[in-house]
Amino acid sequence: MRTSSRPLRRVLRLTAAAALTLTCLAGQQTVAAATTAPAGNAPARADDPRGLTADRLAAQVRGREVFRHLRAFQRIADASGGDRGYNRPGFTRSVRYVAGRLEAAGYAVQRQQVPYTDFDVTDERLSVRKGHGRAHDVPVLMTRFTPSTAASGVRARAVALPEGRTGCAADDYDGVAVRGSVVVLARNACGFAHQQQVAARAGARAVVMYYPTPSPENNYRLMAMDPADFSIPMGMVSQTDGERLARQATARNGARVRLTLRARNVERTTVNLIAETRGGDPDDVVVLGGHLDSVPEAPGINDNGSTAATVLQTALAMAPHQDAVRNKVRFMWWGAEEILDVGSGYYVDHLSPAERGRIAAVLNGELLAPSNSGRFVWDPGSGGSHEIAELFAGYFTRHGLPFERQDPGAIGSDHLVFQAAGLPVGGIDGGNLGVKTEEQQARFGGTAGQMFDPCYHQPCDRLDAIDRTALDRNAPALAWVAARLAMDDDAVRAVRRAER
């Protein structure tokens with residue numbers, strides 16, 4: 001998105017990298033799982049005199065240890081209006097919790113201030129009147145950084161397209177009295193920005209959209225990647241409400257709506273937390289990070305408390321050995337990832353060329369323990385990022401854990417800004433809005449035909465939705481790869497060589 005606090009060059013990079021504001025809305029586009037044990041299969045060779053190895057560190061980052069931090073995040077959300085949103089008290093309290101644990105363990109903690117432009121929604125209402133009946137309210141979420149309606153709202157007919165038409169092409173509106181109406185659309189693969197543009201050119205005054213999923217009661221707040229692409233207001237409703245409204249719109253007496261969407265841009269500051277080991281080669285820095293914020297609509301215990309807690313527990317487990325690591329480890333918790341990688345983008349943009357060159361590898365994670373979990377290793381197939389993927393693949397193969405490989409861009413998150421800066425990145429996720437196939441059910445368990453994370457960006461992203469088995473298997477993998485790169489010069493050299 002184009003904002004005054006973020007350079008346009010980053011906007012263009014991120015717009016190309018991300019498909020939706022729902023940080024992880026890109027589907028799980030995967031390739032076949034590894035069938036042989038790659039270089040990461042062997043146990044870490046590098047023992048330090050005080051006993052730090054990748055295996056020993058990973059054993060201290062099991063699900064039960066990580067779950068304690070998730071319980072703290074849930075308590076914070078419960079005491080903060082139900083969320084840990086990037087611009088809300090729950091995030092500030094999460095920062096205090098993480099920083100306090102790090103400082104108690106002996107780390108010097110840096111709080112990097114990050115300016116950004118936020119989008120404060122002040123009014124979002126939708127009422128629907130079928131025929132001559134009474135109006136009833138429908139929950140609606142304004143799409144971030146899109147135009148507001150007038151204060152009095154938009155009063156208009158609701159219009160839906162005939163079956164089989166998506167709103168992706170101008171001729172989808174042939175024979176439809178769209179001018180002056182509010183169009184009801186299902187989000188399509190052509191992109192919600194494009195669908196809005198087509199509707200606007202056809203004469204629509206606003207768009208009401210829904211996201212089709214196997215959890216039709218869910219509603220997802222989207223965000224305009226580039227506000228200039230949006231010329232009319234746009235709000236999101238659940239699939240259940242959207243399909244009902246579409247049926248009402250095409251019924252004999254039709255339906256009329258009153259849609260009010262009001263918001264304003266607000267300049268704010270978020271925080272990145274940074275802590276690093278005292279020891280280790282400062283010219284070969286291993287970055288292990290995860291975003292600390294949730295969306296304002298959810299507690300964010302899986303997204304992305306699961307990774308933030310894993311990074312924290314890894315740092316605590318490494319604290320007694322921080323003088324003994326061979327390569328410096330930098331632990332990072334990003335702010336405002338949920339409005340397109342604000343914290344991580346600011347950090348990368350403010351690195352000097354020399355500082356970028358000292359970063360040997362960047363590790364990230366997302367949604368490590370959804371209730372219908374999978375296991376996805378980010379692998380572009382070549383370069384230093386592929387070498388990092390081989391470490392994860394080796395770990396999972398050695399532990400008999402099935403996984404699939406996917407491109408790092410298949411899930412939008414903070415690693416993409418490092419990738420765009422030319423740095424090798426790696427990580428894992430447990431799946432989000434992708435729908436689990438029968439083959440994946442056989443591989444991972446769970447339920448085919450359902451999303452990997454039915455609570456993604458929903459109020460139910462709570463502690464009780466965490467798959468504790470998945471957490472117990474995925475959290476140690478992040479810790480293991482971080483420790484392997486911290487302790488094994490050969491592993492770092494392999495990543496460096498592959499980047500040349």
# chains A, B, ... in the order shown; residues from 1 in each chain; ligands from 1
$ select_by_dssp --residues "segment 234-331 of chain A" --states "strand (DSSP E or B)" --output "JSON, numbers by chain"
{"A": [234, 235, 236, 237, 255, 256, 257, 258, 259, 260, 261, 262, 263, 264, 265, 266, 267, 268, 269, 270, 271, 272, 273, 274, 275, 276, 281, 282, 283, 284, 285, 286, 287, 288, 289, 290, 291, 294, 327, 328, 329, 330, 331]}
$ closest_atom_pairs --of "segment 152-244 of chain A" --to "segment 249-258 of chain A" --cutoff "12 Å" --atoms "only C-alpha atoms" --output "CSV"
residue,atom,partner,partner_atom,distance
A:Ser152,CA,A:Arg258,CA,8.8
A:Gly153,CA,A:Arg258,CA,6.3
A:Val154,CA,A:Arg258,CA,5.4
A:Arg155,CA,A:Arg258,CA,4.5
A:Ala156,CA,A:Arg256,CA,5.7
A:Arg157,CA,A:Arg256,CA,4.3
A:Ala158,CA,A:Ala249,CA,5.3
A:Val159,CA,A:Ala249,CA,5.4
A:Ala160,CA,A:Ala249,CA,6.1
A:Leu161,CA,A:Thr250,CA,8.4
A:Pro162,CA,A:Thr250,CA,8.5
A:Glu163,CA,A:Thr250,CA,10.7
A:Val176,CA,A:Thr250,CA,10.6
A:Ala177,CA,A:Thr250,CA,11.3
A:Val178,CA,A:Ala249,CA,11.6
A:Gly180,CA,A:Arg256,CA,11.6
A:Ser181,CA,A:Arg256,CA,8.9
A:Val182,CA,A:Val257,CA,7.6
A:Val183,CA,A:Ala249,CA,9.3
A:Val184,CA,A:Ala249,CA,8.5
A:Leu185,CA,A:Ala249,CA,11.5
A:Arg205,CA,A:Arg258,CA,11.5
A:Ala206,CA,A:Arg258,CA,10.6
A:Val207,CA,A:Val257,CA,11.3
A:Val208,CA,A:Val257,CA,10.2
A:Gly242,CA,A:Ala249,CA,10.4
A:Glu243,CA,A:Ala249,CA,9.8
A:Arg244,CA,A:Ala249,CA,8.6
$ residues_around --residues "Arg93 of chain A" --least-positions-apart "5" --cutoff "9 Å" --atoms "only C-alpha atoms" --output "number ranges by chain"
A: 73, 76-77, 80, 84, 98
$ write_last_selection --atoms "C-alpha atoms" --output "PDB file, in the first residue's frame"
ATOM      1  CA  PHE A  73      -0.810 -14.337  25.069  1.00  0.00           C
ATOM      2  CA  ILE A  76      -3.332 -10.747  27.432  1.00  0.00           C
ATOM      3  CA  ALA A  77      -5.964 -10.891  24.681  1.00  0.00           C
ATOM      4  CA  SER A  80      -7.417  -6.403  26.159  1.00  0.00           C
ATOM      5  CA  ARG A  84      -3.596  -8.435  20.376  1.00  0.00           C
ATOM      6  CA  VAL A  98       8.263 -10.840  25.582  1.00  0.00           C
TER       7      VAL A  98
END
$ closest_residue --among "A:Gly300, A:Val311, A:Pro370, A:Thr447" --to "Arg101 of chain A" --atoms "only C-alpha atoms"
A:Val311
$ residues_around --residues "His350 of chain A" --least-positions-apart "3" --cutoff "12 Å" --atoms "only C-alpha atoms" --output "PyMOL selection string"
chain A and resi 6-7+10+112-114+343-347+353-356+418+421
$ write_last_selection --atoms "N, CA, C and O atoms" --output "PDB file, in the first residue's frame"
ATOM      1  N   ARG A   6       6.040   4.745   4.389  1.00  0.00           N
ATOM      2  CA  ARG A   6       6.712   3.598   3.788  1.00  0.00           C
ATOM      3  C   ARG A   6       7.098   3.936   2.362  1.00  0.00           C
ATOM      4  O   ARG A   6       6.267   4.356   1.565  1.00  0.00           O
ATOM      5  N   PRO A   7       8.362   3.735   1.977  1.00  0.00           N
ATOM      6  CA  PRO A   7       8.813   4.109   0.638  1.00  0.00           C
ATOM      7  C   PRO A   7       8.053   3.356  -0.445  1.00  0.00           C
ATOM      8  O   PRO A   7       7.714   2.184  -0.288  1.00  0.00           O
ATOM      9  N   ARG A  10       9.194  -0.143  -1.602  1.00  0.00           N
ATOM     10  CA  ARG A  10       8.764  -1.299  -0.817  1.00  0.00           C
ATOM     11  C   ARG A  10       7.330  -1.658  -1.148  1.00  0.00           C
ATOM     12  O   ARG A  10       6.952  -2.813  -1.194  1.00  0.00           O
ATOM     13  N   GLN A 112      12.729  -1.085  18.585  1.00  0.00           N
ATOM     14  CA  GLN A 112      12.832  -0.232  17.402  1.00  0.00           C
ATOM     15  C   GLN A 112      11.473   0.400  17.106  1.00  0.00           C
ATOM     16  O   GLN A 112      10.481  -0.290  16.882  1.00  0.00           O
ATOM     17  N   GLN A 113      11.415   1.717  17.106  1.00  0.00           N
ATOM     18  CA  GLN A 113      10.179   2.440  16.826  1.00  0.00           C
ATOM     19  C   GLN A 113       9.950   2.494  15.318  1.00  0.00           C
ATOM     20  O   GLN A 113      10.849   2.862  14.556  1.00  0.00           O
ATOM     21  N   VAL A 114       8.744   2.158  14.904  1.00  0.00           N
ATOM     22  CA  VAL A 114       8.430   2.047  13.481  1.00  0.00           C
ATOM     23  C   VAL A 114       7.204   2.906  13.161  1.00  0.00           C
ATOM     24  O   VAL A 114       6.087   2.584  13.581  1.00  0.00           O
ATOM     25  N   GLY A 343       6.578  -3.677  10.235  1.00  0.00           N
ATOM     26  CA  GLY A 343       7.774  -3.694  11.077  1.00  0.00           C
ATOM     27  C   GLY A 343       8.980  -4.277  10.384  1.00  0.00           C
ATOM     28  O   GLY A 343      10.068  -3.681  10.396  1.00  0.00           O
ATOM     29  N   SER A 344       8.829  -5.433   9.769  1.00  0.00           N
ATOM     30  CA  SER A 344       9.962  -6.064   9.092  1.00  0.00           C
ATOM     31  C   SER A 344      10.411  -5.237   7.897  1.00  0.00           C
ATOM     32  O   SER A 344      11.615  -5.137   7.610  1.00  0.00           O
ATOM     33  N   GLY A 345       9.453  -4.630   7.193  1.00  0.00           N
ATOM     34  CA  GLY A 345       9.825  -3.793   6.052  1.00  0.00           C
ATOM     35  C   GLY A 345      10.648  -2.592   6.470  1.00  0.00           C
ATOM     36  O   GLY A 345      11.623  -2.234   5.815  1.00  0.00           O
ATOM     37  N   TYR A 346      10.241  -1.967   7.572  1.00  0.00           N
ATOM     38  CA  TYR A 346      11.005  -0.824   8.076  1.00  0.00           C
ATOM     39  C   TYR A 346      12.418  -1.251   8.469  1.00  0.00           C
ATOM     40  O   TYR A 346      13.409  -0.564   8.161  1.00  0.00           O
ATOM     41  N   TYR A 347      12.509  -2.387   9.139  1.00  0.00           N
ATOM     42  CA  TYR A 347      13.820  -2.879   9.566  1.00  0.00           C
ATOM     43  C   TYR A 347      14.737  -3.102   8.362  1.00  0.00           C
ATOM     44  O   TYR A 347      15.889  -2.647   8.346  1.00  0.00           O
ATOM     45  N   PRO A 353      23.921  -1.396   3.405  1.00  0.00           N
ATOM     46  CA  PRO A 353      24.396  -2.538   2.606  1.00  0.00           C
ATOM     47  C   PRO A 353      25.318  -3.454   3.395  1.00  0.00           C
ATOM     48  O   PRO A 353      25.244  -4.685   3.254  1.00  0.00           O
ATOM     49  N   ALA A 354      26.174  -2.876   4.223  1.00  0.00           N
ATOM     50  CA  ALA A 354      27.081  -3.711   5.021  1.00  0.00           C
ATOM     51  C   ALA A 354      26.307  -4.555   6.026  1.00  0.00           C
ATOM     52  O   ALA A 354      26.616  -5.738   6.234  1.00  0.00           O
ATOM     53  N   GLU A 355      25.278  -3.973   6.650  1.00  0.00           N
ATOM     54  CA  GLU A 355      24.481  -4.721   7.627  1.00  0.00           C
ATOM     55  C   GLU A 355      23.698  -5.841   6.950  1.00  0.00           C
ATOM     56  O   GLU A 355      23.576  -6.943   7.502  1.00  0.00           O
ATOM     57  N   ARG A 356      23.198  -5.582   5.768  1.00  0.00           N
ATOM     58  CA  ARG A 356      22.512  -6.651   5.035  1.00  0.00           C
ATOM     59  C   ARG A 356      23.471  -7.791   4.721  1.00  0.00           C
ATOM     60  O   ARG A 356      23.112  -8.965   4.824  1.00  0.00           O
ATOM     61  N   PHE A 418      12.697  -9.663   3.328  1.00  0.00           N
ATOM     62  CA  PHE A 418      14.105 -10.052   3.300  1.00  0.00           C
ATOM     63  C   PHE A 418      14.452 -10.705   1.965  1.00  0.00           C
ATOM     64  O   PHE A 418      15.518 -10.461   1.399  1.00  0.00           O
ATOM     65  N   ALA A 421      15.006  -8.264  -0.623  1.00  0.00           N
ATOM     66  CA  ALA A 421      16.287  -7.575  -0.457  1.00  0.00           C
ATOM     67  C   ALA A 421      17.468  -8.466  -0.830  1.00  0.00           C
ATOM     68  O   ALA A 421      18.617  -8.057  -0.660  1.00  0.00           O
TER      69      ALA A 421
END
$ select_by_dssp --residues "segment 176-339 of chain A" --states "helix (DSSP H, G or I)" --output "PyMOL selection string"
chain A and resi 192-201+227-229+239-250+301-321+337-339
$ closest_atom_pairs --of "segment 52-130 of chain A" --to "segment 287-297 of chain A" --cutoff "6 Å" --atoms "only C-alpha atoms" --output "CSV"
residue,atom,partner,partner_atom,distance
A:Asp83,CA,A:Pro296,CA,5.8
A:Arg84,CA,A:Ser294,CA,5.2
A:Gly85,CA,A:Pro296,CA,4.1
A:Tyr86,CA,A:Asp293,CA,4.9
A:Phe91,CA,A:Asp293,CA,5.8
